[in-house]
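**Student:** Below is the structure I would like to discuss, written out as structure tokens.
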Amino acid sequence: MQRAWIFPVVLVLWAGSPAASRPVFQTVAGDSYASQRAAMVAEQIQRRGVMDARVLEAMRAVPRHLFVPEALRNAAYEDRPLSIGHGQTISQPYIVAHMTEALEVRPADRVLEIGTGSGYQAAVLARLAREVYTIEIVPELAKQAAVRLQPYRNVQVRAGDGYAGWPERAPFHRIMVTAAPERIPQPLIDQLAPGGRMVIPVGTAEQWMTVLEKTSSGVVERRTIPVRFVPFTRSRAG
Ligand code: SAH
């Protein structure tokens, strides 16, 4: 009677194939990209040393293919950044995992992200934190990301220059910046809660991922890995 079992399973997979039009939260069986995501986590992320179980779970869960342009959907789980238009990119999966692990997000945290881009990193953060606020300087990208992030009820998207942070919602326990400034913007350091932590790529030609902690004895910075991010731009008004 094995055949009777094979049939329903196949039907479930079929029902899940048009993943793009389905709600973001769905069962693993209904998500045809889930196995690609599991491979991405094992081969690109765990193999390079990311170990935090909550981060790995979030990366296995968020449907990255829904955050890239439709034409690139089949490349969504490849080991590289992808173009999202307007000269911007969605980061390589490993870089998203490395930054998220370095941020050490706790379930009750309020998190600020600068550089929404596709919205993918914000979606990963949304699974780990209580509230996520994210700012994107390209209005068109902010608008698209807000639509994609609708299922994530704990995320708010704002269009604008993130240099000044989001003062109405400060302080933040955690801040992540996904575009590289020459120096860490002082307003972002100011909006970090005591004991808070920021992860930010810093530099121009040469860039280093930098972890900043606000301790009782002052601000402490350390570098993790060399990276290559799009520049942190400023609005003309700013
Ligand atoms: N976190 C994104 C990666 C985006 S790439 C993702 O998951 O897809 C970096 C983004 O930062 C770009 O979209 C760029 O437009 C934006 N950016 C650059 N300077 C900025 C600024 N001053 N304020 C807000 N966003 C900025």
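Residues are named by chain letter and number: chains run A, B, ... in the order of the structure tokens, numbers start at 1 in each chain, and ligands are numbered from 1 in the order shown.
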Can you pull out every residue with an atom within 7 Å of ligand 1? Use only C-alpha atoms and all ligand atoms and format it as an MDAnalysis selection string.
**Tutor:** chainID A and resid 88:91 114:122 135:138 141 160:163 178:179 230:235
**Student:** Pull N, CA and C atoms from the residues just selected and write them as a compact mmCIF listing (two decimals), in the first residue's frame.
**Tutor:**
```
# COMPACT_ATOMS: atom_id res chain seq x y z
N GLN A 88 22.05 48.78 -6.03
CA GLN A 88 22.19 48.21 -4.68
C GLN A 88 22.17 46.69 -4.74
N THR A 89 22.56 46.07 -3.65
CA THR A 89 22.62 44.60 -3.60
C THR A 89 22.00 44.06 -2.32
N ILE A 90 21.54 42.80 -2.41
CA ILE A 90 21.20 42.02 -1.23
C ILE A 90 22.49 41.28 -0.87
N SER A 91 22.90 41.32 0.39
CA SER A 91 24.17 40.72 0.79
C SER A 91 24.17 39.21 0.58
N ILE A 114 20.03 50.20 9.40
CA ILE A 114 20.18 51.24 8.38
C ILE A 114 20.57 50.56 7.08
N GLY A 115 19.79 50.79 6.00
CA GLY A 115 20.03 50.15 4.71
C GLY A 115 19.10 48.97 4.51
N THR A 116 17.80 49.23 4.42
CA THR A 116 16.79 48.17 4.27
C THR A 116 17.03 47.34 3.02
N GLY A 117 17.38 48.01 1.91
CA GLY A 117 17.60 47.31 0.63
C GLY A 117 16.40 46.45 0.26
N SER A 118 16.61 45.16 0.14
CA SER A 118 15.54 44.23 -0.23
C SER A 118 14.57 43.97 0.92
N GLY A 119 15.03 44.20 2.16
CA GLY A 119 14.22 43.86 3.33
C GLY A 119 14.59 42.51 3.93
N TYR A 120 15.48 41.77 3.27
CA TYR A 120 15.81 40.40 3.72
C TYR A 120 16.44 40.39 5.12
N GLN A 121 17.43 41.24 5.32
CA GLN A 121 18.09 41.26 6.64
C GLN A 121 17.08 41.64 7.73
N ALA A 122 16.20 42.58 7.42
CA ALA A 122 15.18 42.98 8.40
C ALA A 122 14.27 41.80 8.75
N ILE A 135 15.59 51.68 7.96
CA ILE A 135 15.56 52.92 7.16
C ILE A 135 16.32 52.70 5.85
N GLU A 136 15.70 53.13 4.75
CA GLU A 136 16.31 52.98 3.42
C GLU A 136 16.28 54.34 2.70
N ILE A 137 17.44 54.70 2.13
CA ILE A 137 17.54 56.04 1.53
C ILE A 137 16.95 56.10 0.12
N VAL A 138 16.86 54.97 -0.61
CA VAL A 138 16.26 54.97 -1.95
C VAL A 138 14.75 54.73 -1.79
N LEU A 141 13.12 51.51 -3.18
CA LEU A 141 13.49 50.28 -2.46
C LEU A 141 12.74 50.20 -1.13
N GLY A 160 14.37 57.31 4.00
CA GLY A 160 15.12 58.49 4.40
C GLY A 160 16.59 58.17 4.63
N ASP A 161 17.34 59.21 5.00
CA ASP A 161 18.76 59.07 5.30
C ASP A 161 18.92 58.54 6.72
N GLY A 162 19.51 57.37 6.85
CA GLY A 162 19.64 56.75 8.16
C GLY A 162 20.72 57.35 9.04
N TYR A 163 21.45 58.34 8.53
CA TYR A 163 22.56 58.93 9.30
C TYR A 163 22.08 59.40 10.67
N THR A 178 23.99 48.25 7.05
CA THR A 178 24.37 47.36 5.95
C THR A 178 24.88 48.12 4.73
N ALA A 179 25.37 49.36 4.95
CA ALA A 179 26.10 50.11 3.93
C ALA A 179 27.32 50.69 4.67
N VAL A 230 28.22 48.34 -0.35
CA VAL A 230 27.94 49.58 -1.07
C VAL A 230 28.15 50.75 -0.09
N PRO A 231 28.51 51.93 -0.63
CA PRO A 231 28.78 53.06 0.28
C PRO A 231 27.53 53.54 1.01
N PHE A 232 27.75 54.00 2.22
CA PHE A 232 26.72 54.69 3.00
C PHE A 232 26.62 56.08 2.40
N THR A 233 25.45 56.40 1.80
CA THR A 233 25.30 57.69 1.13
C THR A 233 24.57 58.67 2.04
N ARG A 234 24.61 59.94 1.68
CA ARG A 234 23.92 60.96 2.47
C ARG A 234 22.92 61.67 1.57
N SER A 235 21.76 62.02 2.11
CA SER A 235 20.81 62.79 1.33
C SER A 235 21.37 64.20 1.17
```
**Student:** Show which residues sit within 10 Å of Ala180 of chain A, as a list in words. Count only C-alpha atoms, and ignore same-chain residues fewer than 2 positions away.
**Tutor:** Gly115, Val177, Thr178, Glu182, Arg183, Ile184, Ile200, Pro201, Val202, Gly203, Thr204, Gln207, Trp208, Met209, Val227, Arg228, Phe229, Val230, Pro231, Phe232 and Thr233 of chain A
**Student:** Using only C-alpha atoms, can you tell me which of A:Leu103, A:Ala53, A:Val211, A:Gln144 comes closest to Gly85 of chain A?
**Tutor:** A:Gln144
**Student:** Run DSSP on the backbone and grab whatever in segment 26-233 of chain A lands in alpha helix (DSSP H); send it over as a ChimeraX atom specification.
**Tutor:** /A:34-40,53-61,93-103,120-126,139-148,186-190
**Student:** Emit the selected residues as a compact mmCIF listing (two decimals), in the first residue's frame, including N, CA and C atoms.
**Tutor:**
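Output saved as result.txt:
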```
# COMPACT_ATOMS: atom_id res chain seq x y z
N ALA A 34 12.68 25.22 0.56
CA ALA A 34 13.21 24.90 1.89
C ALA A 34 14.48 24.06 1.83
N SER A 35 14.54 23.14 0.89
CA SER A 35 15.73 22.30 0.84
C SER A 35 16.93 23.10 0.35
N GLN A 36 16.70 24.06 -0.56
CA GLN A 36 17.80 24.93 -0.99
C GLN A 36 18.31 25.76 0.19
N ARG A 37 17.37 26.16 1.04
CA ARG A 37 17.77 26.97 2.21
C ARG A 37 18.56 26.14 3.22
N ALA A 38 18.12 24.90 3.40
CA ALA A 38 18.85 24.02 4.33
C ALA A 38 20.28 23.81 3.83
N ALA A 39 20.43 23.62 2.52
CA ALA A 39 21.77 23.45 1.95
C ALA A 39 22.59 24.73 2.09
N MET A 40 21.97 25.87 1.86
CA MET A 40 22.65 27.16 2.02
C MET A 40 23.22 27.30 3.44
N ALA A 53 22.42 28.97 17.20
CA ALA A 53 21.28 28.15 16.75
C ALA A 53 20.10 29.01 16.31
N ARG A 54 19.86 30.13 17.00
CA ARG A 54 18.72 30.97 16.62
C ARG A 54 18.97 31.62 15.25
N VAL A 55 20.21 32.02 15.00
CA VAL A 55 20.55 32.62 13.71
C VAL A 55 20.37 31.59 12.59
N LEU A 56 20.85 30.38 12.82
CA LEU A 56 20.74 29.33 11.80
C LEU A 56 19.27 29.03 11.51
N GLU A 57 18.45 28.99 12.57
CA GLU A 57 17.02 28.73 12.40
C GLU A 57 16.37 29.83 11.57
N ALA A 58 16.72 31.07 11.86
CA ALA A 58 16.13 32.19 11.13
C ALA A 58 16.52 32.14 9.65
N MET A 59 17.77 31.79 9.38
CA MET A 59 18.24 31.72 7.99
C MET A 59 17.59 30.56 7.24
N ARG A 60 17.25 29.50 7.98
CA ARG A 60 16.54 28.38 7.36
C ARG A 60 15.08 28.73 7.07
N ALA A 61 14.55 29.68 7.83
CA ALA A 61 13.12 29.96 7.75
C ALA A 61 12.76 31.08 6.76
N PRO A 93 24.41 35.41 1.57
CA PRO A 93 23.83 34.79 2.77
C PRO A 93 24.80 34.69 3.95
N TYR A 94 26.04 34.30 3.69
CA TYR A 94 27.02 34.15 4.78
C TYR A 94 27.22 35.49 5.52
N ILE A 95 27.27 36.58 4.76
CA ILE A 95 27.51 37.89 5.40
C ILE A 95 26.32 38.26 6.29
N VAL A 96 25.10 37.98 5.82
CA VAL A 96 23.91 38.23 6.64
C VAL A 96 24.00 37.43 7.95
N ALA A 97 24.40 36.16 7.84
CA ALA A 97 24.49 35.30 9.02
C ALA A 97 25.61 35.78 9.96
N HIS A 98 26.74 36.13 9.39
CA HIS A 98 27.87 36.59 10.22
C HIS A 98 27.49 37.86 11.00
N MET A 99 26.87 38.82 10.30
CA MET A 99 26.49 40.08 10.96
C MET A 99 25.43 39.82 12.03
N THR A 100 24.48 38.94 11.71
CA THR A 100 23.39 38.67 12.65
C THR A 100 23.93 37.98 13.89
N GLU A 101 24.84 37.04 13.71
CA GLU A 101 25.44 36.36 14.87
C GLU A 101 26.24 37.37 15.72
N ALA A 102 27.00 38.23 15.03
CA ALA A 102 27.83 39.21 15.75
C ALA A 102 26.97 40.20 16.54
N LEU A 103 25.72 40.42 16.10
CA LEU A 103 24.85 41.39 16.77
C LEU A 103 24.30 40.85 18.09
N TYR A 120 15.48 41.77 3.27
CA TYR A 120 15.81 40.40 3.72
C TYR A 120 16.44 40.39 5.12
N GLN A 121 17.43 41.24 5.32
CA GLN A 121 18.09 41.26 6.64
C GLN A 121 17.08 41.64 7.73
N ALA A 122 16.20 42.58 7.42
CA ALA A 122 15.18 42.98 8.40
C ALA A 122 14.27 41.80 8.75
N ALA A 123 13.95 40.97 7.76
CA ALA A 123 13.10 39.80 8.01
C ALA A 123 13.81 38.80 8.92
N VAL A 124 15.11 38.63 8.70
CA VAL A 124 15.89 37.73 9.57
C VAL A 124 15.90 38.29 11.00
N LEU A 125 16.12 39.59 11.12
CA LEU A 125 16.13 40.22 12.46
C LEU A 125 14.76 40.11 13.13
N ALA A 126 13.70 40.19 12.31
CA ALA A 126 12.34 40.15 12.85
C ALA A 126 12.04 38.83 13.56
N PRO A 139 13.93 55.76 -2.08
CA PRO A 139 12.49 55.64 -1.77
C PRO A 139 11.82 54.43 -2.41
N GLU A 140 12.20 54.13 -3.66
CA GLU A 140 11.59 53.00 -4.37
C GLU A 140 11.88 51.67 -3.66
N LEU A 141 13.12 51.51 -3.18
CA LEU A 141 13.49 50.28 -2.46
C LEU A 141 12.74 50.20 -1.13
N ALA A 142 12.60 51.33 -0.47
CA ALA A 142 11.88 51.35 0.81
C ALA A 142 10.43 50.91 0.61
N LYS A 143 9.83 51.40 -0.48
CA LYS A 143 8.44 51.07 -0.77
C LYS A 143 8.27 49.57 -1.04
N GLN A 144 9.16 49.02 -1.88
CA GLN A 144 9.08 47.58 -2.20
C GLN A 144 9.31 46.72 -0.95
N ALA A 145 10.30 47.13 -0.14
CA ALA A 145 10.62 46.34 1.05
C ALA A 145 9.45 46.37 2.02
N ALA A 146 8.78 47.51 2.12
CA ALA A 146 7.64 47.61 3.05
C ALA A 146 6.55 46.61 2.66
N VAL A 147 6.35 46.43 1.36
CA VAL A 147 5.35 45.46 0.90
C VAL A 147 5.79 44.04 1.25
N ARG A 148 7.06 43.73 0.94
CA ARG A 148 7.56 42.37 1.23
C ARG A 148 7.55 42.06 2.72
N GLN A 186 27.97 59.41 14.47
CA GLN A 186 27.82 59.67 15.92
C GLN A 186 26.36 59.56 16.38
N PRO A 187 25.36 60.02 15.58
CA PRO A 187 23.97 59.90 16.05
C PRO A 187 23.58 58.45 16.33
N LEU A 188 24.16 57.51 15.58
CA LEU A 188 23.82 56.10 15.81
C LEU A 188 24.44 55.61 17.12
N ILE A 189 25.66 56.06 17.40
CA ILE A 189 26.27 55.70 18.70
C ILE A 189 25.42 56.28 19.83
N ASP A 190 24.96 57.52 19.64
CA ASP A 190 24.15 58.18 20.68
C ASP A 190 22.83 57.44 20.92
```
**Student:** List as a CSV table (one decimal) with C-alpha atoms, in the first residue's frame the protein and nucleic acid residues near Gln191 of chain A, meaning an atom at most 12 Å away when only C-alpha atoms are counted, but skip any in the same chain fewer than 4 places from it.
**Tutor:**
```csv
chain,number,residue,atom,x,y,z
A,110,ARG,CA,14.5,46.7,19.9
A,111,VAL,CA,16.7,46.8,16.8
A,112,LEU,CA,17.5,49.5,14.2
A,162,GLY,CA,19.6,56.7,8.2
A,163,TYR,CA,22.6,58.9,9.3
A,164,ALA,CA,20.4,60.6,11.9
A,165,GLY,CA,18.9,57.2,13.1
A,166,TRP,CA,15.3,57.1,14.3
A,167,PRO,CA,15.3,59.4,17.4
A,168,GLU,CA,11.5,58.8,18.2
A,169,ARG,CA,12.2,55.1,18.8
A,170,ALA,CA,15.6,55.4,20.4
A,171,PRO,CA,17.4,54.0,22.4
A,172,PHE,CA,18.0,50.7,20.6
A,173,HIS,CA,19.5,47.6,22.1
A,174,ARG,CA,21.0,46.7,18.8
A,175,ILE,CA,21.9,48.6,15.6
A,185,PRO,CA,27.9,58.1,12.4
A,186,GLN,CA,27.8,59.7,15.9
A,187,PRO,CA,24.0,59.9,16.0
A,195,GLY,CA,25.2,47.9,27.1
A,196,GLY,CA,24.1,48.0,23.5
A,197,ARG,CA,25.9,46.7,20.4
A,198,MET,CA,26.3,47.9,16.8
A,214,LYS,CA,28.6,50.7,24.6
```
**Student:** Could you please determine the separation between atom CA of Phe67 of chain A and atom CA of Leu149 of chain A in Å, to one decimal place?
**Tutor:**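 Taking atom CA of Phe67 of chain A and atom CA of Leu149 of chain A, their separation equals 9.2 Å.
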**Student:** Based on the backbone DSSP call, show me all residues of segment 172-230 of chain A assigned strand (DSSP E or B), as a ChimeraX atom specification.
**Tutor:** /A:172-177,180,192-203,207-215,218-227
**Student:** Could you tell me which of A:Pro63, A:Pro69, A:Pro194, A:Pro81 comes closest to Gly218 of chain A if we count only C-alpha atoms?
**Tutor:**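 Between A:Pro63, A:Pro69, A:Pro194, A:Pro81, the residue approaching Gly218 of chain A most closely is A:Pro194.
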